[in-house]
There are 2 protein chains.
Amino acid sequence: MIHISLKRLLLKKEVSFIVREIMALLGTPVFVQDSEGRVLLGNAGEGCFKNRHPIKLGERVIGWVNGGERALVLASLLSYLATVELEKKAIGREALEKYKEITLLYDITEKLTASLNPKDVAQLVVDQAKRLIRADYISVMLINEDTGMLEVVAVSGEGGCYTDVIEALTGIKGNVVHTGKPEIINDILSDSRYVRKAIGVSSLMCVPLKVKDRVIGLIIIGSRERINYTAEDMKLLSALAFQAAADIENARLYDSLKETFLTTIHTLAETIEKRDPYTGGHTKRVMNYSLAIGSELGLSEAELERLQLAAVLHDIGKIGIRDGILLKKRKLSFKEFEEIKMHTIYAEQILNHIKNLKKIIPGVKHHHERFDGKGYPEGLQGDGIDVIARIIAVADAFDAMTTDRPYRKSLGLAVALEELRKNAGTQFDPDVVKAFMKAYESEKLLSKEADTDAKHINSG
Amino acid sequence: MIHISLKRLLLKKEVSFIVREIMALLGTPVFVQDSEGRVLLGNAGEGCFKNRHPIKLGERVIGWVNGGERALVLASLLSYLATVELEKKAIGREALEKYKEITLLYDITEKLTASLNPKDVAQLVVDQAKRLIRADYISVMLINEDTGMLEVVAVSGEGGCYTDVIEALTGIKGNVVHTGKPEIINDILSDSRYVRKAIGVSSLMCVPLKVKDRVIGLIIIGSRERINYTAEDMKLLSALAFQAAADIENARLYDSLKETFLTTIHTLAETIEKRDPYTGGHTKRVMNYSLAIGSELGLSEAELERLQLAAVLHDIGKIGIRDGILLKKRKLSFKEFEEIKMHTIYAEQILNHIKNLKKIIPGVKHHHERFDGKGYPEGLQGDGIDVIARIIAVADAFDAMTTDRPYRKSLGLAVALEELRKNAGTQFDPDVVKAFMKAYESEKLLSKEADTDAKHINSG
Ligand SMILES: [Fe+2]
Ligand SMILES: [Fe+2]
């Protein structure tokens with residue numbers, strides 16, 4: 001409700017002048033009261049007041065003009081001025097709300113489109129909602145298309161809330177998904193659809209994330225205390241949901257394509273690997289070791305991305321080596337070894353066709369260079385070798401030494417580590433070996449084993 | 001400028017009553033004039049008018065109250081009412097503008113986030129701009145990161161405008177890119193930076209497309225006639241540009257990843273192909289023939305996408321066949337041929353690892369099935385074979401017949417076409433052969449040769 005103060009209206013310089021002039025013109029005593037009977041102008045004790053004219057704002061009486069019959073003009077004037085004032089305030093409030101909404105929309109657009117990672121976008125949605133609306137608990141849940149279940153992808157709140165929740169499409173949430181309509185439930189205990197969960201919320205607001213007419217998920221906001229979520233809160237949250245849905249969807253499409261890309265090159269690399277006497281999983285292990293070393297060295301996200309792609313594709317050139325040589329179990333002749341060396345050159349030729357993968361050529365082509373310059377194909381040395389290649393060299397050697405080969409058994413961990421240490425500064429970059437040892441000691445290498453996450457791949 | 005009509009103000013019922021009452025109270029003759037001297041109220045001919053009180057709106061005189069000294073109250077009242085009216089209108093106009101801006105923002109968000117194709121998004125931007133602002137020419141130009149040049153990616157307008165324009169970062173556009181600030185140039189001929197081009201524009205508006213602080217391109221709007229683009233036009237266009245920039249950037253990242261994905265699988269497929277006695281380019285030709293047949297058959301975009309991926313990867317399973325068999329130039333033994341057949345099974349095993357590529361397994365696995373059920377690996381027949389596989393079978397056979405092989409020369413076009421016709425209904429699906437013939441006659445097959453576009457690939 002917008003409030004108009006008659007007292008404040010009468011204090012305005014122009015109004016005060018006009019009213020006093022009219023009182024003087026009337027000639028007879030007049031006084032103005034507010035709706036509670038307080039005298040705002042004139043003297044109630046002076047003379048007799050035949051008439052009591054109401055000052056009205058719509059149907060509501062906000063005061064009185066007491067005086068003769070003609071004092072009606074004053075009541076009319078004050079009614080009119082109060083009405084205009086009310087209209088002005090109402091329009092002003094509307095403009096302010098619209099202004100806030102615009103600021104919000106720009107802000108959301110700027111923030112949410114800045115990422116193409118669905119979890120990051122969802123977290124930004126949670127952060128924005130937190131800023132906008134009072135809540136103890138906020139979460140973004142998305143429908144997993146494979147399972148049809150709702151999954152929490154971002155959450156905020158203390159105590160009883162948690163991520164990785166998976167729920168069926170039932171209860172209040174199921175309803176919002178099915179109808180596509182937002183809901184406010186200010187007293188959740190009296191809602192028959194409510195199923196008591198670990199999170200103790202009393203009041204709740206739930207809006208669908210919609211892409212065109214398809215519901216892809218929900219934003220849920222809850223308060224432990226019973227509070228009243230208003231239509232205005234709902235409007236803000238819906239504005240957020242509107243923008244969020246499109247951005248989350250686009251991020252999911254991007255993510256899905258990224259995963260397909262990485263899995264595809266990974267699978268093809270492993271298939272190529274099967275022609276090779278190495279035991280399976282070499283590519284994946286080299287990737288994991290490389291990423292552990294890279295993190296230890298403090299590489300940037302962009303460098304880690306290059307490293308991951310280069311590690312996955314480091315032996316891609318073997319696709320061009322004939323079985324007769326690649327699969328040979330006895331020692332290779334000089335000529336045969338020269339042919340094997342060509343896999344670094346073949347890799348370069350392959351990657352040269354792929355614009356966005358040209359950046360990983362140095363990492364792939366030079367993974368058999370040695371720190372002392374005695375490697376191949378170019379005999380580069382020291383910092384002249386891309387750091388990506390120096391990392392893969394260590395990861396590749398370590399995996400070769402610690403797995404069984406057709407012509408010998410695994411050397412064992414202790415021997416392999418000793419070999420790396422012994423050859424640091426000659427075959428290997430000593431800093432890379434140091435980083436490997438650190439990663440090894442902090443058990444990062446082992447924990448990385450199971451990690452097939454595509455997070456560093458972003459070939460845009 | 002907002003206009004307040006004194007005449008209309010005096011016609012309001014409440015105002016009219018109040019003013020007449022005050023005139024009655026004054027007792028002496030009074031009349032009200034507008035700023036042009038027209039009498040709005042009272043009678044100018046009646047009696048003498050000592051004072052002429054101005055009715056003021058800010059500094060501007062909008063009318064006069066003529067009468068005695070005390071008639072000043074009427075002038076004050078009308079001045080005050082006019083001022084309040086003006087304020088109300090100004091706030092109302094602001095609210096309306098904000099309302100329009102909000103509607104625009106929602107509308108833009110909904111439209112622009114619906115696509116992840118940069119050209120489509122840019123075209124939507126052009127369409128939106130057309131709706132919002134008067135113009136004969138609208139274009140979206142993006143900076144090509146490799147060349148540093150501005151390239152038109154979407155355009156609207158009759159006559160002198162065209163797409164595929166490439167420009168250096170000079171003149172007005174260069175300025176907007178470098179400063180990141182929008183510009184209105186209502187008289188372009190008097191602007192020293194203007195370089196006369198084929199498009200005859202007189203007035204111009206140019207806003208940058210910015211992602212964070214990086215300018216990625218421009219929206220340019222022009223009018224042949226000289227008109228005045230206003231700050232309000234600029235605001236609308238800037239709102240559009242704000243949303244557009246983020247969406248175009250995300251679409252470009254998606255597109256780039258898509259291209260990388262397609263080029264990578266293409267390159268790897270071709271590398272695998274090199275181990276094979278086929279001449280190079282087999283994969284690409286099979287893809288192009290397949291897509292031509294698919295369009296002829298009226299497949300949906302989603303089906304064409306599956307078709308493209310399946311065609312590129314149809315022989316991926318050959319990666320698992322030993323050189324000794326794959327490269328054999330003489331007739332294969334029964335056992336050797338059984339091994340060759342395995343490439344369809346190997347392909348399934350490979351693709352099974354890639355979630356988003358499982359959908360192409362039927363197309364790949366069954367490209368050697370025959371319509372009469374005498375093919376491999378499963379002996380499926382008729383509609384039991386995925387249409388994708390039936391298409392690839394025809395495309396694959398046609399390319400095999402029309403290229404030289406180590407053991408025989410190309411059969412020539414005429415013979416190859418005759419073979420397809422002869423085997424329609426036995427080896428091949430007759431509808432697919434018919435579609436191939438149609439595509440062949442309309443020369444779609446030839447025009448497709450050069451088309452390496454990734455447009456159907458969307459593995460999300
Ligand atoms: Fe290697
Ligand atoms: Fe095949």
# chains A, B, ... in the order shown; residues from 1 in each chain; ligands from 1
>>> residues_around(residues="Val73 in chain B", least_positions_apart="2", cutoff="8 Å", atoms="only C-alpha atoms", output="MDAnalysis selection string")
(chainID A and resid 17:18 21:22) or (chainID B and resid 70:71 75:77)
>>> write_last_selection(atoms="all heavy atoms", output="JSON list (two decimals), in the first residue's frame")
[["chain", "number", "residue", "atom", "x", "y", "z"],
["A", 17, "PHE", "N", 0.92, 27.87, 0.58],
["A", 17, "PHE", "CA", 0.55, 29.22, 0.13],
["A", 17, "PHE", "C", -0.87, 29.25, -0.43],
["A", 17, "PHE", "O", -1.70, 30.07, -0.06],
["A", 17, "PHE", "CB", 1.55, 29.73, -0.93],
["A", 17, "PHE", "CG", 1.13, 31.00, -1.60],
["A", 17, "PHE", "CD1", 1.24, 32.23, -0.91],
["A", 17, "PHE", "CD2", 0.59, 31.01, -2.89],
["A", 17, "PHE", "CE1", 0.83, 33.41, -1.52],
["A", 17, "PHE", "CE2", 0.19, 32.19, -3.50],
["A", 17, "PHE", "CZ", 0.31, 33.40, -2.81],
["A", 18, "ILE", "N", -1.16, 28.28, -1.32],
["A", 18, "ILE", "CA", -2.47, 28.25, -1.98],
["A", 18, "ILE", "C", -3.59, 28.04, -0.95],
["A", 18, "ILE", "O", -4.59, 28.75, -0.94],
["A", 18, "ILE", "CB", -2.51, 27.14, -3.06],
["A", 18, "ILE", "CG1", -1.53, 27.49, -4.20],
["A", 18, "ILE", "CG2", -3.92, 26.96, -3.62],
["A", 18, "ILE", "CD1", -1.14, 26.31, -5.07],
["A", 21, "GLU", "N", -4.16, 31.14, 1.19],
["A", 21, "GLU", "CA", -4.82, 32.19, 0.40],
["A", 21, "GLU", "C", -6.32, 31.91, 0.31],
["A", 21, "GLU", "O", -7.15, 32.80, 0.47],
["A", 21, "GLU", "CB", -4.23, 32.25, -1.01],
["A", 21, "GLU", "CG", -2.93, 33.03, -1.10],
["A", 21, "GLU", "CD", -3.11, 34.51, -0.78],
["A", 21, "GLU", "OE1", -3.93, 35.17, -1.43],
["A", 21, "GLU", "OE2", -2.43, 34.99, 0.16],
["A", 22, "ILE", "N", -6.65, 30.61, 0.03],
["A", 22, "ILE", "CA", -8.07, 30.26, -0.09],
["A", 22, "ILE", "C", -8.78, 30.45, 1.25],
["A", 22, "ILE", "O", -9.89, 30.98, 1.31],
["A", 22, "ILE", "CB", -8.25, 28.81, -0.60],
["A", 22, "ILE", "CG1", -7.73, 28.71, -2.05],
["A", 22, "ILE", "CG2", -9.71, 28.37, -0.55],
["A", 22, "ILE", "CD1", -7.70, 27.32, -2.62],
["B", 70, "ARG", "N", -5.12, 39.59, -5.67],
["B", 70, "ARG", "CA", -5.32, 38.31, -5.00],
["B", 70, "ARG", "C", -5.53, 37.14, -5.97],
["B", 70, "ARG", "O", -5.49, 35.98, -5.55],
["B", 70, "ARG", "CB", -6.51, 38.41, -4.04],
["B", 70, "ARG", "CG", -6.35, 39.55, -3.04],
["B", 70, "ARG", "CD", -7.17, 39.34, -1.81],
["B", 70, "ARG", "NE", -6.56, 38.35, -0.93],
["B", 70, "ARG", "CZ", -7.02, 38.08, 0.31],
["B", 70, "ARG", "NH1", -8.11, 38.71, 0.76],
["B", 70, "ARG", "NH2", -6.43, 37.20, 1.08],
["B", 71, "ALA", "N", -5.73, 37.47, -7.23],
["B", 71, "ALA", "CA", -5.87, 36.40, -8.24],
["B", 71, "ALA", "C", -4.58, 35.60, -8.39],
["B", 71, "ALA", "O", -4.54, 34.57, -9.07],
["B", 71, "ALA", "CB", -6.30, 36.98, -9.58],
["B", 75, "ALA", "N", -3.11, 31.68, -10.16],
["B", 75, "ALA", "CA", -1.91, 31.45, -10.97],
["B", 75, "ALA", "C", -1.00, 30.43, -10.27],
["B", 75, "ALA", "O", -0.45, 29.51, -10.90],
["B", 75, "ALA", "CB", -1.16, 32.74, -11.21],
["B", 76, "SER", "N", -0.86, 30.59, -8.96],
["B", 76, "SER", "CA", -0.03, 29.65, -8.19],
["B", 76, "SER", "C", -0.61, 28.25, -8.28],
["B", 76, "SER", "O", 0.12, 27.26, -8.49],
["B", 76, "SER", "CB", 0.01, 30.04, -6.72],
["B", 76, "SER", "OG", 0.57, 31.30, -6.56],
["B", 77, "LEU", "N", -1.93, 28.14, -8.11],
["B", 77, "LEU", "CA", -2.58, 26.84, -8.16],
["B", 77, "LEU", "C", -2.36, 26.17, -9.52],
["B", 77, "LEU", "O", -1.95, 25.01, -9.61],
["B", 77, "LEU", "CB", -4.09, 26.99, -7.90],
["B", 77, "LEU", "CG", -4.90, 25.69, -8.03],
["B", 77, "LEU", "CD1", -4.49, 24.68, -6.98],
["B", 77, "LEU", "CD2", -6.39, 25.97, -7.94]]
>>> interface_residues(of="chain A", to="chain B", cutoff="7 Å", atoms="only C-alpha atoms", output="PyMOL selection string")
chain A and resi 14+18+21+25-26+73+76-77+80+88+91-92+94-95+98-99+102+109+113+243+246+253-254+256-257+260-261+263-264+267+272+319+322-323+350+353-354+356+459-460
>>> residues_near_ligand(ligand="ligand 1", cutoff="9 Å", atoms="only C-alpha atoms and all ligand atoms", output="count of residues only")
15
>>> select_by_dssp(residues="range 146-281 of chain A", states="helix (DSSP H, G or I)", output="PyMOL selection string")
chain A and resi 171-179+188-190+231-273
>>> select_by_dssp(residues="range 174-330 of chain A", states="strand (DSSP E)", output="MDAnalysis selection string")
chainID A and resid 183:185 203:211 214:223
>>> write_last_selection(atoms="all heavy atoms", output="compact mmCIF listing (two decimals), in the first residue's frame")
# COMPACT_ATOMS: atom_id res chain seq x y z
N GLU A 183 5.37 -22.29 -8.04
CA GLU A 183 4.50 -22.35 -6.86
C GLU A 183 5.17 -21.69 -5.66
O GLU A 183 6.37 -21.78 -5.48
CB GLU A 183 4.20 -23.82 -6.50
CG GLU A 183 3.20 -24.48 -7.40
CD GLU A 183 2.51 -25.65 -6.71
OE1 GLU A 183 2.06 -25.50 -5.55
OE2 GLU A 183 2.40 -26.72 -7.35
N ILE A 184 4.30 -21.04 -4.83
CA ILE A 184 4.74 -20.56 -3.52
C ILE A 184 3.99 -21.39 -2.50
O ILE A 184 2.77 -21.52 -2.58
CB ILE A 184 4.38 -19.07 -3.31
CG1 ILE A 184 5.17 -18.18 -4.27
CG2 ILE A 184 4.65 -18.66 -1.86
CD1 ILE A 184 4.83 -16.70 -4.14
N ILE A 185 4.71 -21.98 -1.56
CA ILE A 185 4.03 -22.72 -0.49
C ILE A 185 4.57 -22.16 0.82
O ILE A 185 5.65 -22.53 1.27
CB ILE A 185 4.30 -24.22 -0.61
CG1 ILE A 185 3.70 -24.72 -1.94
CG2 ILE A 185 3.65 -24.99 0.54
CD1 ILE A 185 4.41 -25.87 -2.54
N SER A 203 8.78 -22.59 4.62
CA SER A 203 8.19 -21.90 3.47
C SER A 203 9.07 -22.17 2.26
O SER A 203 10.30 -22.28 2.37
CB SER A 203 8.11 -20.40 3.73
OG SER A 203 7.34 -20.17 4.87
N LEU A 204 8.43 -22.24 1.11
CA LEU A 204 9.12 -22.72 -0.07
C LEU A 204 8.63 -22.02 -1.33
O LEU A 204 7.47 -21.64 -1.43
CB LEU A 204 8.78 -24.21 -0.19
CG LEU A 204 9.56 -25.05 -1.15
CD1 LEU A 204 10.41 -26.02 -0.34
CD2 LEU A 204 8.63 -25.85 -2.03
N MET A 205 9.55 -21.82 -2.27
CA MET A 205 9.16 -21.28 -3.56
C MET A 205 9.87 -22.16 -4.60
O MET A 205 11.05 -22.47 -4.46
CB MET A 205 9.62 -19.83 -3.68
CG MET A 205 8.97 -19.07 -4.80
SD MET A 205 8.89 -17.28 -4.51
CE MET A 205 10.56 -16.91 -4.11
N CYS A 206 9.15 -22.55 -5.63
CA CYS A 206 9.71 -23.48 -6.62
C CYS A 206 9.31 -23.02 -8.02
O CYS A 206 8.13 -22.93 -8.33
CB CYS A 206 9.16 -24.87 -6.32
SG CYS A 206 9.81 -26.15 -7.38
N VAL A 207 10.31 -22.66 -8.85
CA VAL A 207 9.99 -22.24 -10.22
C VAL A 207 10.67 -23.16 -11.23
O VAL A 207 11.77 -23.64 -11.00
CB VAL A 207 10.42 -20.76 -10.49
CG1 VAL A 207 9.81 -19.81 -9.50
CG2 VAL A 207 11.91 -20.62 -10.53
N PRO A 208 9.96 -23.43 -12.33
CA PRO A 208 10.52 -24.33 -13.33
C PRO A 208 11.56 -23.64 -14.19
O PRO A 208 11.48 -22.43 -14.44
CB PRO A 208 9.30 -24.70 -14.18
CG PRO A 208 8.40 -23.52 -14.08
CD PRO A 208 8.61 -22.95 -12.71
N LEU A 209 12.56 -24.38 -14.64
CA LEU A 209 13.52 -23.90 -15.64
C LEU A 209 13.00 -24.41 -16.98
O LEU A 209 12.97 -25.62 -17.21
CB LEU A 209 14.91 -24.45 -15.36
CG LEU A 209 15.59 -23.91 -14.10
CD1 LEU A 209 16.75 -24.81 -13.68
CD2 LEU A 209 16.09 -22.49 -14.33
N LYS A 210 12.55 -23.48 -17.82
CA LYS A 210 11.90 -23.90 -19.07
C LYS A 210 12.67 -23.45 -20.31
O LYS A 210 13.05 -22.29 -20.43
CB LYS A 210 10.50 -23.29 -19.16
CG LYS A 210 9.44 -24.12 -18.46
CD LYS A 210 8.23 -23.27 -18.15
CE LYS A 210 7.10 -23.40 -19.10
NZ LYS A 210 5.91 -22.66 -18.61
N VAL A 211 12.86 -24.36 -21.25
CA VAL A 211 13.41 -24.02 -22.56
C VAL A 211 12.29 -24.26 -23.54
O VAL A 211 11.86 -25.39 -23.73
CB VAL A 211 14.63 -24.90 -22.89
CG1 VAL A 211 15.09 -24.65 -24.31
CG2 VAL A 211 15.76 -24.63 -21.92
N ARG A 214 9.59 -26.90 -22.73
CA ARG A 214 10.13 -28.08 -22.06
C ARG A 214 10.74 -27.69 -20.70
O ARG A 214 11.54 -26.77 -20.61
CB ARG A 214 11.23 -28.66 -22.96
CG ARG A 214 11.70 -30.04 -22.63
CD ARG A 214 12.45 -30.63 -23.84
NE ARG A 214 13.41 -29.68 -24.39
CZ ARG A 214 14.67 -29.57 -23.96
NH1 ARG A 214 15.12 -30.34 -23.01
NH2 ARG A 214 15.49 -28.70 -24.52
N VAL A 215 10.32 -28.38 -19.64
CA VAL A 215 10.90 -28.12 -18.31
C VAL A 215 12.18 -28.94 -18.18
O VAL A 215 12.15 -30.16 -18.33
CB VAL A 215 9.91 -28.49 -17.19
CG1 VAL A 215 10.55 -28.30 -15.83
CG2 VAL A 215 8.64 -27.65 -17.29
N ILE A 216 13.30 -28.25 -17.94
CA ILE A 216 14.57 -28.99 -17.83
C ILE A 216 15.03 -29.10 -16.38
O ILE A 216 15.98 -29.81 -16.09
CB ILE A 216 15.70 -28.35 -18.68
CG1 ILE A 216 16.01 -26.92 -18.19
CG2 ILE A 216 15.33 -28.32 -20.15
CD1 ILE A 216 17.37 -26.43 -18.65
N GLY A 217 14.35 -28.38 -15.48
CA GLY A 217 14.75 -28.44 -14.08
C GLY A 217 14.00 -27.44 -13.24
O GLY A 217 12.95 -26.92 -13.67
N LEU A 218 14.53 -27.15 -12.06
CA LEU A 218 13.84 -26.29 -11.10
C LEU A 218 14.82 -25.41 -10.34
O LEU A 218 15.97 -25.79 -10.17
CB LEU A 218 13.14 -27.15 -10.04
CG LEU A 218 12.12 -28.19 -10.47
CD1 LEU A 218 11.83 -29.11 -9.31
CD2 LEU A 218 10.86 -27.50 -10.96
N ILE A 219 14.34 -24.25 -9.89
CA ILE A 219 15.05 -23.53 -8.83
C ILE A 219 14.17 -23.63 -7.60
O ILE A 219 12.96 -23.37 -7.67
CB ILE A 219 15.27 -22.04 -9.16
CG1 ILE A 219 15.94 -21.86 -10.52
CG2 ILE A 219 16.11 -21.37 -8.07
CD1 ILE A 219 16.15 -20.39 -10.89
N ILE A 220 14.74 -24.05 -6.49
CA ILE A 220 13.97 -24.18 -5.25
C ILE A 220 14.60 -23.30 -4.18
O ILE A 220 15.81 -23.28 -4.01
CB ILE A 220 13.97 -25.65 -4.76
CG1 ILE A 220 13.40 -26.53 -5.86
CG2 ILE A 220 13.15 -25.79 -3.49
CD1 ILE A 220 14.14 -27.80 -6.01
N ILE A 221 13.72 -22.57 -3.50
CA ILE A 221 14.16 -21.65 -2.45
C ILE A 221 13.37 -21.95 -1.21
O ILE A 221 12.15 -22.10 -1.28
CB ILE A 221 13.93 -20.21 -2.95
CG1 ILE A 221 15.11 -19.79 -3.82
CG2 ILE A 221 13.70 -19.25 -1.82
CD1 ILE A 221 15.17 -18.34 -4.10
N GLY A 222 14.04 -22.07 -0.08
CA GLY A 222 13.30 -22.40 1.13
C GLY A 222 13.76 -21.60 2.34
O GLY A 222 14.89 -21.15 2.40
N SER A 223 12.85 -21.46 3.30
CA SER A 223 13.17 -20.79 4.54
C SER A 223 12.82 -21.71 5.71
O SER A 223 11.77 -22.33 5.71
CB SER A 223 12.38 -19.48 4.66
OG SER A 223 12.44 -19.00 5.98
>>> residues_around(residues="Arg8 in chain A", least_positions_apart="3", cutoff="12 Å", atoms="only C-alpha atoms", output="ChimeraX atom specification")
/A:3-5,11-13,15-16,34,40-41,78,81-82,85
>>> atom_distance(atom1="CA of Val201 in chain A", atom2="CA of Val153 in chain A")
19.3 Å
>>> residues_around(residues="Val126 in chain B", least_positions_apart="5", cutoff="7 Å", atoms="only C-alpha atoms", output="list of chain:residue names")
B:Ile138, B:Ser139, B:Val140, B:Ala154, B:Val155, B:Ser156
